[in-house]
>>> print(open('query.cif').read())   # mmCIF, C-alpha atoms and all ligand atoms
data_entry
loop_
_atom_site.label_atom_id
_atom_site.label_comp_id
_atom_site.auth_asym_id
_atom_site.auth_seq_id
_atom_site.Cartn_x
_atom_site.Cartn_y
_atom_site.Cartn_z
CA MET A 19 28.88 -19.79 55.83
CA ASN A 20 31.62 -22.26 55.15
CA ILE A 21 33.28 -22.48 51.82
CA SER A 22 31.39 -25.65 50.70
CA GLU A 23 28.07 -23.93 51.32
CA GLU A 24 29.33 -20.99 49.31
CA LEU A 25 30.16 -23.31 46.40
CA GLY A 26 26.66 -24.75 46.55
CA LYS A 27 25.19 -21.26 46.46
CA ILE A 28 27.32 -20.24 43.49
CA ARG A 29 26.27 -23.37 41.62
CA ARG A 30 22.57 -22.70 42.27
CA ALA A 31 22.91 -19.07 41.16
CA PHE A 32 24.64 -20.22 37.97
CA GLU A 33 21.94 -22.79 37.32
CA ALA A 34 19.23 -20.16 37.78
CA ALA A 35 21.04 -17.76 35.43
CA THR A 36 21.26 -20.36 32.67
CA GLU A 37 17.66 -21.45 33.03
CA ALA A 38 16.23 -18.20 31.64
CA ASP A 39 16.41 -17.15 27.99
CA PHE A 40 19.38 -15.02 27.10
CA THR A 41 21.08 -13.57 24.10
CA ALA A 42 24.46 -14.54 22.67
CA GLU A 43 25.89 -11.39 24.21
CA GLU A 44 24.56 -12.28 27.69
CA LEU A 45 25.97 -15.78 27.33
CA GLY A 46 29.38 -14.30 26.50
CA LYS A 47 29.22 -12.17 29.65
CA LEU A 48 28.25 -15.21 31.70
CA ARG A 49 31.29 -17.10 30.39
CA VAL A 50 33.61 -14.24 31.34
CA ALA A 51 31.98 -13.85 34.76
CA TYR A 52 32.37 -17.54 35.66
CA LEU A 53 35.24 -18.89 33.59
CA GLY A 54 37.26 -15.74 32.82
CA ARG A 55 40.75 -15.18 34.17
CA LYS A 56 39.39 -13.01 36.98
CA GLY A 57 36.05 -14.82 37.10
CA ILE A 58 34.23 -16.54 39.94
CA VAL A 59 35.80 -19.98 39.35
CA ALA A 60 39.35 -18.61 39.10
CA ASP A 61 38.74 -16.66 42.28
CA LEU A 62 37.66 -19.82 44.09
CA PHE A 63 40.80 -21.66 42.95
CA ASP A 64 42.81 -18.77 44.36
CA ARG A 65 41.13 -19.28 47.69
CA ILE A 66 42.16 -22.93 48.01
CA ARG A 67 45.09 -21.85 50.12
CA ASP A 68 42.73 -20.32 52.70
CA VAL A 69 40.92 -23.59 53.16
CA PRO A 70 41.97 -25.62 56.23
CA ALA A 71 44.31 -28.37 55.15
CA ASP A 72 41.96 -31.23 56.05
CA GLU A 73 39.11 -29.78 53.95
CA ARG A 74 41.26 -28.82 51.01
CA LYS A 75 40.96 -32.12 49.12
CA GLU A 76 37.17 -32.20 49.35
CA PHE A 77 36.96 -28.50 48.42
CA GLY A 78 39.19 -29.06 45.42
CA ARG A 79 37.02 -31.94 44.27
CA VAL A 80 33.76 -29.96 44.57
CA LEU A 81 35.34 -26.92 42.92
CA ASN A 82 36.59 -28.99 39.99
CA GLU A 83 33.15 -30.50 39.61
CA LEU A 84 31.66 -27.00 39.61
CA LYS A 85 34.13 -25.87 36.95
CA LEU A 86 33.28 -28.86 34.76
CA PHE A 87 29.59 -28.29 35.26
CA VAL A 88 29.79 -24.59 34.44
CA THR A 89 31.98 -25.23 31.39
CA ALA A 90 29.71 -27.99 30.08
CA ARG A 91 26.55 -25.92 30.53
CA ILE A 92 28.01 -22.83 28.88
CA GLU A 93 29.31 -24.86 25.95
CA GLU A 94 25.95 -26.51 25.59
CA HIS A 95 24.29 -23.11 25.33
CA GLU A 96 26.90 -21.88 22.90
CA ALA A 97 26.25 -24.89 20.67
CA THR A 98 22.50 -24.19 20.67
CA MET A 99 23.17 -20.55 19.84
CA ARG A 100 25.38 -21.54 16.95
CA SER A 101 22.75 -23.85 15.48
CA LYS A 102 20.17 -21.04 15.68
CA LYS A 103 22.49 -18.48 14.22
CA PRO A 104 21.46 -18.52 10.55
CA LYS A 105 17.89 -17.65 11.51
CA GLU A 106 18.98 -14.77 13.69
CA ASN A 107 21.44 -13.55 11.14
CA VAL A 108 19.10 -12.28 8.44
CA ASP A 109 20.83 -11.21 5.25
CA VAL A 110 18.96 -8.01 4.54
CA THR A 111 20.49 -7.76 1.07
CA LEU A 112 18.73 -10.89 -0.18
CA PRO A 113 15.61 -10.33 -2.29
CA GLY A 114 12.51 -10.83 -0.15
CA ILE A 115 9.70 -13.28 -0.78
CA VAL A 116 6.85 -11.11 -2.03
CA GLY A 117 3.39 -12.55 -2.61
CA PHE A 118 1.39 -11.74 -5.78
CA GLN A 119 0.26 -8.17 -5.33
CA GLY A 120 -1.84 -7.72 -8.44
CA GLY A 121 -0.80 -5.87 -11.58
CA LEU A 122 -2.05 -3.85 -14.47
CA HIS A 123 -4.75 -5.33 -16.69
CA PRO A 124 -3.44 -5.91 -20.24
CA LEU A 125 -5.93 -3.37 -21.61
CA THR A 126 -4.67 -0.80 -19.08
CA ILE A 127 -1.10 -1.45 -20.20
CA ILE A 128 -2.12 -0.82 -23.84
CA LEU A 129 -4.20 2.21 -22.83
CA ASN A 130 -1.15 3.72 -21.15
CA GLU A 131 0.93 3.17 -24.28
CA ILE A 132 -1.78 4.72 -26.47
CA THR A 133 -2.09 7.83 -24.32
CA ASP A 134 1.71 8.15 -24.18
CA VAL A 135 1.96 8.18 -27.98
CA PHE A 136 -0.83 10.75 -28.38
CA ARG A 137 0.42 12.95 -25.54
CA GLY A 138 3.73 13.04 -27.39
CA MET A 139 1.83 14.49 -30.39
CA GLY A 140 0.19 17.20 -28.28
CA PHE A 141 -3.18 15.56 -27.57
CA THR A 142 -4.90 15.76 -24.20
CA VAL A 143 -7.04 12.97 -22.76
CA GLU A 144 -10.80 13.46 -22.25
CA THR A 145 -13.48 11.15 -20.88
CA GLY A 146 -17.26 10.96 -21.02
CA PRO A 147 -20.00 8.94 -19.34
CA GLU A 148 -20.61 5.32 -20.29
CA ALA A 149 -24.31 5.73 -19.47
CA GLU A 150 -24.77 8.34 -22.18
CA LEU A 151 -27.71 10.43 -23.37
CA ILE A 152 -29.26 9.06 -26.56
CA SER A 153 -29.02 12.54 -28.06
CA TYR A 154 -25.22 12.58 -27.60
CA ASN A 155 -24.74 9.04 -28.85
CA PHE A 156 -26.88 9.51 -31.98
CA ASP A 157 -28.71 12.81 -32.68
CA LYS A 158 -25.84 15.24 -32.13
CA LEU A 159 -23.63 12.88 -34.12
CA ASN A 160 -25.90 13.41 -37.10
CA THR A 161 -27.18 9.82 -36.90
CA PRO A 162 -30.68 9.72 -38.44
CA PHE A 163 -33.57 8.18 -36.51
CA TRP A 164 -33.72 5.29 -38.99
CA HIS A 165 -30.04 4.37 -38.67
CA PRO A 166 -29.59 0.64 -37.91
CA ALA A 167 -27.14 1.38 -35.04
CA ARG A 168 -30.13 2.69 -33.07
CA ASP A 169 -31.80 -0.70 -33.28
CA LEU A 170 -32.69 -2.42 -30.01
CA THR A 171 -30.87 -5.51 -31.16
CA ASP A 172 -27.61 -3.55 -31.43
CA THR A 173 -27.86 -1.20 -28.48
CA PHE A 174 -28.39 -1.48 -24.72
CA TYR A 175 -31.01 1.13 -23.82
CA LEU A 176 -31.26 1.96 -20.14
CA ASP A 177 -34.53 1.74 -18.27
CA THR A 178 -34.33 5.26 -16.80
CA PRO A 179 -37.56 7.20 -16.02
CA ALA A 180 -36.92 9.61 -18.92
CA ARG A 181 -35.87 6.76 -21.24
CA ASP A 182 -33.19 9.05 -22.57
CA LYS A 183 -30.06 7.02 -21.90
CA LEU A 184 -28.14 4.05 -23.25
CA LEU A 185 -24.79 2.41 -22.74
CA ARG A 186 -22.77 4.34 -25.31
CA THR A 187 -22.15 2.33 -28.45
CA GLU A 188 -19.04 4.33 -29.36
CA THR A 189 -16.70 6.90 -27.84
CA SER A 190 -17.79 9.50 -30.44
CA PRO A 191 -20.25 11.30 -28.08
CA VAL A 192 -17.20 12.59 -26.18
CA GLN A 193 -16.44 14.65 -29.31
CA ILE A 194 -19.74 16.48 -28.82
CA ARG A 195 -19.18 17.00 -25.09
CA VAL A 196 -15.75 18.50 -25.75
CA MET A 197 -16.85 20.72 -28.66
CA GLU A 198 -19.81 22.04 -26.64
CA ARG A 199 -17.56 23.38 -23.90
CA GLN A 200 -14.34 24.16 -25.75
CA LYS A 201 -13.62 26.33 -28.76
CA PRO A 202 -11.03 25.33 -31.40
CA PRO A 203 -8.20 24.58 -31.57
CA ILE A 204 -9.16 21.18 -30.15
CA ARG A 205 -6.82 18.23 -30.08
CA ILE A 206 -8.04 15.42 -27.87
CA ILE A 207 -8.29 11.67 -27.54
CA ALA A 208 -11.02 9.94 -25.54
CA PRO A 209 -10.37 6.31 -24.70
CA GLY A 210 -13.05 4.26 -22.99
CA ARG A 211 -15.47 1.35 -22.82
CA VAL A 212 -18.35 0.98 -25.26
CA TYR A 213 -21.23 -1.49 -25.40
CA ARG A 214 -23.05 -3.33 -28.15
CA SER A 215 -25.55 -6.13 -27.96
CA ASP A 216 -23.27 -8.64 -29.67
CA LYS A 217 -23.11 -12.34 -28.93
CA PRO A 218 -19.66 -13.02 -27.44
CA ASP A 219 -17.25 -15.05 -29.55
CA ALA A 220 -13.50 -14.94 -30.24
CA THR A 221 -13.79 -11.59 -32.04
CA HIS A 222 -16.91 -10.04 -30.43
CA SER A 223 -17.63 -8.91 -26.90
CA PRO A 224 -20.69 -6.89 -25.74
CA ILE A 225 -18.21 -4.64 -23.97
CA PHE A 226 -15.05 -3.41 -25.64
CA MET A 227 -12.87 -0.33 -25.86
CA GLN A 228 -12.25 2.39 -28.38
CA VAL A 229 -10.02 5.41 -28.53
CA GLU A 230 -11.66 8.44 -30.10
CA GLY A 231 -9.57 11.21 -31.63
CA LEU A 232 -10.63 14.72 -32.58
CA TYR A 233 -8.65 17.55 -34.12
CA VAL A 234 -10.39 20.83 -34.98
CA ASP A 235 -8.68 23.99 -36.15
CA LYS A 236 -8.44 26.27 -39.16
CA GLY A 237 -7.24 24.46 -42.27
CA VAL A 238 -7.18 20.90 -40.90
CA SER A 239 -7.05 18.39 -43.76
CA PHE A 240 -7.49 14.71 -44.48
CA ALA A 241 -3.70 14.54 -44.92
CA ASP A 242 -3.33 15.51 -41.21
CA LEU A 243 -5.62 12.62 -40.31
CA LYS A 244 -3.61 10.14 -42.35
CA GLY A 245 -0.31 11.38 -40.97
CA THR A 246 -1.50 11.27 -37.36
CA VAL A 247 -3.01 7.79 -37.58
CA LEU A 248 0.11 6.46 -39.28
CA ALA A 249 2.36 8.07 -36.63
CA PHE A 250 0.16 6.53 -33.93
CA TYR A 251 0.43 2.96 -35.23
CA ARG A 252 4.14 3.38 -35.91
CA GLY A 253 4.56 4.66 -32.36
CA LEU A 254 2.92 1.48 -31.09
CA PHE A 255 4.20 -1.16 -33.49
CA GLY A 256 7.31 0.26 -35.09
CA PRO A 257 8.39 2.07 -38.27
CA HIS A 258 7.65 -0.78 -40.69
CA VAL A 259 3.85 -0.40 -40.24
CA LYS A 260 1.73 1.06 -43.04
CA THR A 261 -1.88 2.26 -43.00
CA ARG A 262 -4.58 2.36 -45.64
CA PHE A 263 -7.82 4.37 -45.76
CA ARG A 264 -10.85 2.79 -47.45
CA PRO A 265 -13.91 4.90 -48.35
CA HIS A 266 -16.81 4.20 -46.00
CA PHE A 267 -19.84 5.89 -44.47
CA PHE A 268 -20.27 7.30 -40.97
CA PRO A 269 -23.10 9.77 -40.20
CA PHE A 270 -20.79 12.22 -38.40
CA THR A 271 -17.98 12.44 -40.95
CA GLU A 272 -17.82 13.41 -44.60
CA PRO A 273 -15.86 11.99 -46.28
CA SER A 274 -15.45 8.88 -44.12
CA ALA A 275 -12.91 6.12 -44.24
CA GLU A 276 -12.11 2.86 -42.57
CA VAL A 277 -8.57 2.52 -41.27
CA ASP A 278 -6.52 -0.58 -42.06
CA MET A 279 -3.03 -1.39 -40.81
CA THR A 280 -0.59 -3.86 -42.35
CA CYS A 281 -0.90 -7.23 -40.65
CA ILE A 282 2.01 -7.33 -38.26
CA PHE A 283 1.93 -11.13 -38.02
CA CYS A 284 2.70 -11.81 -41.68
CA LYS A 285 4.05 -8.28 -42.41
CA GLY A 286 1.56 -7.98 -45.23
CA SER A 287 2.14 -11.24 -47.07
CA GLY A 288 -1.18 -12.82 -45.96
CA CYS A 289 -2.09 -15.08 -43.02
CA ARG A 290 -5.09 -16.48 -41.14
CA LEU A 291 -5.42 -13.41 -38.91
CA CYS A 292 -5.72 -10.98 -41.83
CA LYS A 293 -7.72 -13.48 -43.89
CA GLN A 294 -4.88 -13.56 -46.44
CA SER A 295 -5.39 -9.87 -47.26
CA GLY A 296 -2.26 -8.55 -45.52
CA TRP A 297 -4.40 -5.83 -43.89
CA LEU A 298 -6.21 -5.56 -40.54
CA GLU A 299 -9.27 -3.39 -39.90
CA MET A 300 -8.55 -1.05 -37.02
CA GLY A 301 -11.49 1.44 -36.95
CA GLY A 302 -13.24 4.36 -38.60
CA SER A 303 -12.34 7.96 -39.36
CA GLY A 304 -13.19 10.97 -41.45
CA MET A 305 -13.59 14.74 -41.72
CA VAL A 306 -16.08 16.11 -39.17
CA ASP A 307 -19.44 16.62 -40.91
CA PRO A 308 -20.51 20.31 -41.14
CA ASN A 309 -23.85 19.32 -39.54
CA VAL A 310 -22.02 18.15 -36.42
CA PHE A 311 -20.13 21.47 -36.24
CA LEU A 312 -23.36 23.45 -36.60
CA GLY A 313 -24.95 21.47 -33.75
CA VAL A 314 -22.19 22.48 -31.34
CA GLY A 315 -21.88 26.08 -32.51
CA ILE A 316 -18.65 25.81 -34.49
CA ASP A 317 -18.65 27.56 -37.85
CA PRO A 318 -17.82 24.99 -40.56
CA GLU A 319 -16.84 27.83 -42.89
CA GLU A 320 -14.09 28.85 -40.50
CA TYR A 321 -12.99 25.54 -39.05
CA SER A 322 -12.45 22.02 -40.27
CA GLY A 323 -11.52 18.89 -38.37
CA TRP A 324 -11.00 15.19 -38.47
CA ALA A 325 -11.98 12.41 -36.10
CA PHE A 326 -11.33 8.73 -35.65
CA GLY A 327 -12.52 5.85 -33.47
CA LEU A 328 -10.07 2.94 -33.24
CA GLY A 329 -10.42 -0.41 -31.53
CA ILE A 330 -8.23 -0.98 -28.47
CA GLU A 331 -8.61 -4.76 -28.07
CA ARG A 332 -7.40 -5.14 -31.65
CA ILE A 333 -4.18 -3.44 -30.61
CA ALA A 334 -3.89 -5.53 -27.42
CA ILE A 335 -4.51 -8.74 -29.37
CA LEU A 336 -1.69 -7.87 -31.77
CA LYS A 337 0.69 -6.69 -29.06
CA PHE A 338 0.21 -9.67 -26.77
CA GLY A 339 -0.60 -12.38 -29.29
CA VAL A 340 -3.94 -13.12 -27.60
CA ASP A 341 -6.40 -14.84 -29.92
CA ASP A 342 -9.71 -14.35 -28.09
CA ILE A 343 -11.21 -10.99 -27.10
CA ARG A 344 -13.29 -12.59 -24.33
CA LEU A 345 -10.13 -13.26 -22.31
CA PHE A 346 -9.86 -9.53 -21.60
CA TYR A 347 -13.22 -9.52 -19.83
CA GLU A 348 -13.40 -12.86 -18.05
CA ASN A 349 -10.88 -11.84 -15.35
CA ASP A 350 -9.31 -15.27 -15.17
CA ILE A 351 -6.38 -14.72 -12.83
CA ARG A 352 -4.26 -17.27 -14.73
CA PHE A 353 -4.59 -15.09 -17.84
CA LEU A 354 -4.11 -11.76 -16.07
CA ARG A 355 -1.01 -12.85 -14.14
CA GLN A 356 0.94 -13.16 -17.36
CA PHE A 357 0.95 -9.40 -17.84
CA GLY A 358 2.09 -8.28 -14.36
N1 LIG B 1 -17.81 5.61 -33.93
C1 LIG B 1 -17.48 4.76 -35.05
C2 LIG B 1 -17.78 3.30 -34.67
O1 LIG B 1 -17.81 3.00 -33.54
C3 LIG B 1 -16.02 4.87 -35.39
C4 LIG B 1 -15.69 6.21 -35.92
C5 LIG B 1 -15.75 6.46 -37.29
C6 LIG B 1 -15.33 7.24 -35.08
C7 LIG B 1 -15.45 7.68 -37.80
C8 LIG B 1 -15.01 8.47 -35.59
C9 LIG B 1 -15.08 8.68 -36.96
O2 LIG B 1 -14.64 9.50 -34.83
O3 LIG B 1 -14.76 9.94 -37.47
O4 LIG B 1 -17.95 2.52 -35.56
#
>>> encode(input="query.cif", output="structure tokens")
Amino acid sequence: MNISEELGKIRRAFEAATEADFTAEELGKLRVAYLGRKGIVADLFDRIRDVPADERKEFGRVLNELKLFVTARIEEHEATMRSKKPKENVDVTLPGIVGFQGGLHPLTIILNEITDVFRGMGFTVETGPEAELISYNFDKLNTPFWHPARDLTDTFYLDTPARDKLLRTETSPVQIRVMERQKPPIRIIAPGRVYRSDKPDATHSPIFMQVEGLYVDKGVSFADLKGTVLAFYRGLFGPHVKTRFRPHFFPFTEPSAEVDMTCIFCKGSGCRLCKQSGWLEMGGSGMVDPNVFLGVGIDPEEYSGWAFGLGIERIAILKFGVDDIRLFYENDIRFLRQFG
């Protein structure tokens, strides 16, 4: 093979090598192999002296052309590599682009805060079924058969074969379930969904949430109830909050009281939300009725206790400044996304 044929072969091999895809590192090696000080091209220049004198000029011309070709091609590839570089060079310290992954429902956020505050006061969390026995929702809670809450227009009765169930209208039946299986001292909360046949509007929803509280021990007093409820609302809303207990009637407590909290929007001076009264109704409470204790086998002579049932949406509405309870149940993603 004469030296011109060899040049042709080298050129073809180089062309083939630069046709395929390669990395920046491979390109660097290619440059060294062909254009380096001890590379193929340099070697060929060294061999000029071995070429017969009459062929030398032609050889030199072809070799120079090869060198220019190789240089141009390598530089071309280097330029392409450089323009691609930012994509290859990922900065792993930059924050990534993360799609919306869902988040906690605002009521869940509030529920977590509520349970945190009560856990801090030594309460444990209990639950009960939403499809509840009528006896637990009413009878065992000392609610007489003629009580209006039992009315079909207020309550969703379930069409079970035994016709003994309803969607619980309050979280109070969990009190009974706990007292039936646990002896005092008892100190629990029971948050959960409840159902009433109400027409939905800004302040009513047929489904809503309550948190039930129950404390039973020797010598428990109404003062404990007031102190605990006040500590709870202060834990949620801050130390400036006050509470007020208004006499009321509930079948399962005696005496009973409704719980009001100072309106946190106007701080008690009167606004639209509190209907100018400075107070917001938060739920019901009272001392556990002796009849309820007797029904679950707790001696009312030995033990006393208090209970409460407080609205959860009320708290969420105040915390988040939401003015319509229905928003919590419509699952509009534009609403929910605001809470993360
Ligand atoms: N269950 C009552 C309601 O839904 C609220 C309530 C009042 C719960 C007094 C209690 C209580 O535990 O002692 O209206």
>>> residues_near_point(input="query.cif", point="(-18.3, 6.4, -27.1)", cutoff="12 Å", atoms="all atoms listed in the file", output="ChimeraX atom specification")
/A:144-152,154-156,159,184-195,207-214,225-231,326-329
>>> write_last_selection(input="query.cif", atoms="C-alpha atoms", output="PDB file, in the coordinates of the input")
ATOM      1  CA  GLU A 144     -10.800  13.460 -22.250  1.00  0.00           C
ATOM      2  CA  THR A 145     -13.480  11.150 -20.880  1.00  0.00           C
ATOM      3  CA  GLY A 146     -17.260  10.960 -21.020  1.00  0.00           C
ATOM      4  CA  PRO A 147     -20.000   8.940 -19.340  1.00  0.00           C
ATOM      5  CA  GLU A 148     -20.610   5.320 -20.290  1.00  0.00           C
ATOM      6  CA  ALA A 149     -24.310   5.730 -19.470  1.00  0.00           C
ATOM      7  CA  GLU A 150     -24.770   8.340 -22.180  1.00  0.00           C
ATOM      8  CA  LEU A 151     -27.710  10.430 -23.370  1.00  0.00           C
ATOM      9  CA  ILE A 152     -29.260   9.060 -26.560  1.00  0.00           C
ATOM     10  CA  TYR A 154     -25.220  12.580 -27.600  1.00  0.00           C
ATOM     11  CA  ASN A 155     -24.740   9.040 -28.850  1.00  0.00           C
ATOM     12  CA  PHE A 156     -26.880   9.510 -31.980  1.00  0.00           C
ATOM     13  CA  LEU A 159     -23.630  12.880 -34.120  1.00  0.00           C
ATOM     14  CA  LEU A 184     -28.140   4.050 -23.250  1.00  0.00           C
ATOM     15  CA  LEU A 185     -24.790   2.410 -22.740  1.00  0.00           C
ATOM     16  CA  ARG A 186     -22.770   4.340 -25.310  1.00  0.00           C
ATOM     17  CA  THR A 187     -22.150   2.330 -28.450  1.00  0.00           C
ATOM     18  CA  GLU A 188     -19.040   4.330 -29.360  1.00  0.00           C
ATOM     19  CA  THR A 189     -16.700   6.900 -27.840  1.00  0.00           C
ATOM     20  CA  SER A 190     -17.790   9.500 -30.440  1.00  0.00           C
ATOM     21  CA  PRO A 191     -20.250  11.300 -28.080  1.00  0.00           C
ATOM     22  CA  VAL A 192     -17.200  12.590 -26.180  1.00  0.00           C
ATOM     23  CA  GLN A 193     -16.440  14.650 -29.310  1.00  0.00           C
ATOM     24  CA  ILE A 194     -19.740  16.480 -28.820  1.00  0.00           C
ATOM     25  CA  ARG A 195     -19.180  17.000 -25.090  1.00  0.00           C
ATOM     26  CA  ILE A 207      -8.290  11.670 -27.540  1.00  0.00           C
ATOM     27  CA  ALA A 208     -11.020   9.940 -25.540  1.00  0.00           C
ATOM     28  CA  PRO A 209     -10.370   6.310 -24.700  1.00  0.00           C
ATOM     29  CA  GLY A 210     -13.050   4.260 -22.990  1.00  0.00           C
ATOM     30  CA  ARG A 211     -15.470   1.350 -22.820  1.00  0.00           C
ATOM     31  CA  VAL A 212     -18.350   0.980 -25.260  1.00  0.00           C
ATOM     32  CA  TYR A 213     -21.230  -1.490 -25.400  1.00  0.00           C
ATOM     33  CA  ARG A 214     -23.050  -3.330 -28.150  1.00  0.00           C
ATOM     34  CA  ILE A 225     -18.210  -4.640 -23.970  1.00  0.00           C
ATOM     35  CA  PHE A 226     -15.050  -3.410 -25.640  1.00  0.00           C
ATOM     36  CA  MET A 227     -12.870  -0.330 -25.860  1.00  0.00           C
ATOM     37  CA  GLN A 228     -12.250   2.390 -28.380  1.00  0.00           C
ATOM     38  CA  VAL A 229     -10.020   5.410 -28.530  1.00  0.00           C
ATOM     39  CA  GLU A 230     -11.660   8.440 -30.100  1.00  0.00           C
ATOM     40  CA  GLY A 231      -9.570  11.210 -31.630  1.00  0.00           C
ATOM     41  CA  PHE A 326     -11.330   8.730 -35.650  1.00  0.00           C
ATOM     42  CA  GLY A 327     -12.520   5.850 -33.470  1.00  0.00           C
ATOM     43  CA  LEU A 328     -10.070   2.940 -33.240  1.00  0.00           C
ATOM     44  CA  GLY A 329     -10.420  -0.410 -31.530  1.00  0.00           C
TER      45      GLY A 329
END
>>> residues_around(input="query.cif", residues="Thr41 of chain A", least_positions_apart="4", cutoff="12 Å", atoms="all atoms listed in the file", output="list of chain:residue names")
A:Thr36, A:Leu45, A:Gly46, A:Lys47, A:Leu48, A:His95, A:Glu96, A:Thr98, A:Met99, A:Arg100, A:Lys102, A:Lys103, A:Glu106
>>> atom_distance(input="query.cif", atom1="atom O3 of ligand LIG 1 (chain B)", atom2="atom CA of Val306 of chain A")
6.5 Å
>>> closest_residue(input="query.cif", among="A:Ile316, A:Val277, A:Ala34, A:Val135", to="ligand LIG 1 (chain B)", atoms="all atoms listed in the file")
A:Val277
>>> atom_distance(input="query.cif", atom1="atom CA of Leu354 of chain A", atom2="atom CA of Ile335 of chain A")
13.6 Å
>>> atom_distance(input="query.cif", atom1="atom CA of Asp182 of chain A", atom2="atom CA of Met305 of chain A")
28.0 Å
>>> residues_around(input="query.cif", residues="Arg355 of chain A", least_positions_apart="6", cutoff="12 Å", atoms="only C-alpha atoms", output="ChimeraX atom specification")
/A:118-124,349
>>> closest_residue(input="query.cif", among="A:Leu125, A:Ala275, A:Leu53, A:Leu254", to="Val340 of chain A", atoms="all atoms listed in the file")
A:Leu125
>>> closest_residue(input="query.cif", among="A:Ser215, A:Asn82, A:Phe87, A:Ser153", to="Phe174 of chain A", atoms="only C-alpha atoms")
A:Ser215
>>> residues_around(input="query.cif", residues="segment 256-259 of chain A", least_positions_apart="5", cutoff="8 Å", atoms="only C-alpha atoms", output="list in words")
Leu248, Tyr251, Met279, Thr280 and Ile282 of chain A
>>> closest_residue(input="query.cif", among="A:Arg332, A:Lys293, A:Arg79, A:His266", to="ligand LIG 1 (chain B)", atoms="all atoms listed in the file")
A:His266
>>> closest_residue(input="query.cif", among="A:Pro265, A:Gly54, A:Pro113, A:Gly301", to="ligand LIG 1 (chain B)", atoms="only C-alpha atoms and all ligand atoms")
A:Gly301
>>> closest_residue(input="query.cif", among="A:Thr271, A:Gln294, A:Ser22, A:Thr261", to="Asn309 of chain A", atoms="only C-alpha atoms")
A:Thr271
>>> residues_around(input="query.cif", residues="segment 201-203 of chain A", least_positions_apart="4", cutoff="9 Å", atoms="only C-alpha atoms", output="CSV table (one decimal) with C-alpha atoms, keeping the file's coordinate frame")
chain,number,residue,atom,x,y,z
A,196,VAL,CA,-15.8,18.5,-25.8
A,197,MET,CA,-16.8,20.7,-28.7
A,233,TYR,CA,-8.6,17.6,-34.1
A,234,VAL,CA,-10.4,20.8,-35.0
A,235,ASP,CA,-8.7,24.0,-36.2
A,236,LYS,CA,-8.4,26.3,-39.2
A,316,ILE,CA,-18.6,25.8,-34.5
A,321,TYR,CA,-13.0,25.5,-39.0
>>> residues_around(input="query.cif", residues="Ile28 of chain A", least_positions_apart="4", cutoff="10 Å", atoms="all atoms listed in the file", output="PyMOL selection string")
chain A and resi 22-24+32-34+52+58-59+84
>>> axis_aligned_box(input="query.cif", around="ligand LIG 1 (chain B)", padding_each_side="3 Å", output="JSON")
{"center_x": -16.3, "center_y": 6.2, "center_z": -35.7, "size_x": 9.3, "size_y": 13.4, "size_z": 10.3}
>>> build_atoms(input="query.cif", residues="segment 47-55 of chain A", atoms="N, CA, C and O atoms", output="CSV table (one decimal), in the frame of the given file")
chain,number,residue,atom,x,y,z
A,47,LYS,N,28.9,-12.8,28.4
A,47,LYS,CA,29.2,-12.2,29.6
A,47,LYS,C,29.3,-13.2,30.8
A,47,LYS,O,30.1,-13.1,31.7
A,48,LEU,N,28.3,-14.2,30.7
A,48,LEU,CA,28.2,-15.2,31.7
A,48,LEU,C,29.6,-16.0,31.7
A,48,LEU,O,30.1,-16.4,32.8
A,49,ARG,N,30.0,-16.3,30.5
A,49,ARG,CA,31.3,-17.1,30.4
A,49,ARG,C,32.5,-16.3,31.1
A,49,ARG,O,33.2,-16.9,31.8
A,50,VAL,N,32.5,-15.1,30.8
A,50,VAL,CA,33.6,-14.2,31.3
A,50,VAL,C,33.5,-14.2,32.9
A,50,VAL,O,34.4,-14.4,33.6
A,51,ALA,N,32.2,-14.0,33.3
A,51,ALA,CA,32.0,-13.8,34.8
A,51,ALA,C,32.4,-15.1,35.5
A,51,ALA,O,32.9,-15.1,36.6
A,52,TYR,N,32.1,-16.3,34.9
A,52,TYR,CA,32.4,-17.5,35.7
A,52,TYR,C,33.7,-18.1,35.3
A,52,TYR,O,34.4,-18.6,36.2
A,53,LEU,N,34.1,-18.1,34.0
A,53,LEU,CA,35.2,-18.9,33.6
A,53,LEU,C,36.4,-18.0,33.2
A,53,LEU,O,37.5,-18.5,32.8
A,54,GLY,N,36.2,-16.7,33.2
A,54,GLY,CA,37.3,-15.7,32.8
A,54,GLY,C,38.4,-15.8,33.8
A,54,GLY,O,38.3,-16.4,34.9
A,55,ARG,N,39.5,-15.1,33.4
A,55,ARG,CA,40.8,-15.2,34.2
A,55,ARG,C,40.6,-14.6,35.6
A,55,ARG,O,41.1,-15.0,36.5
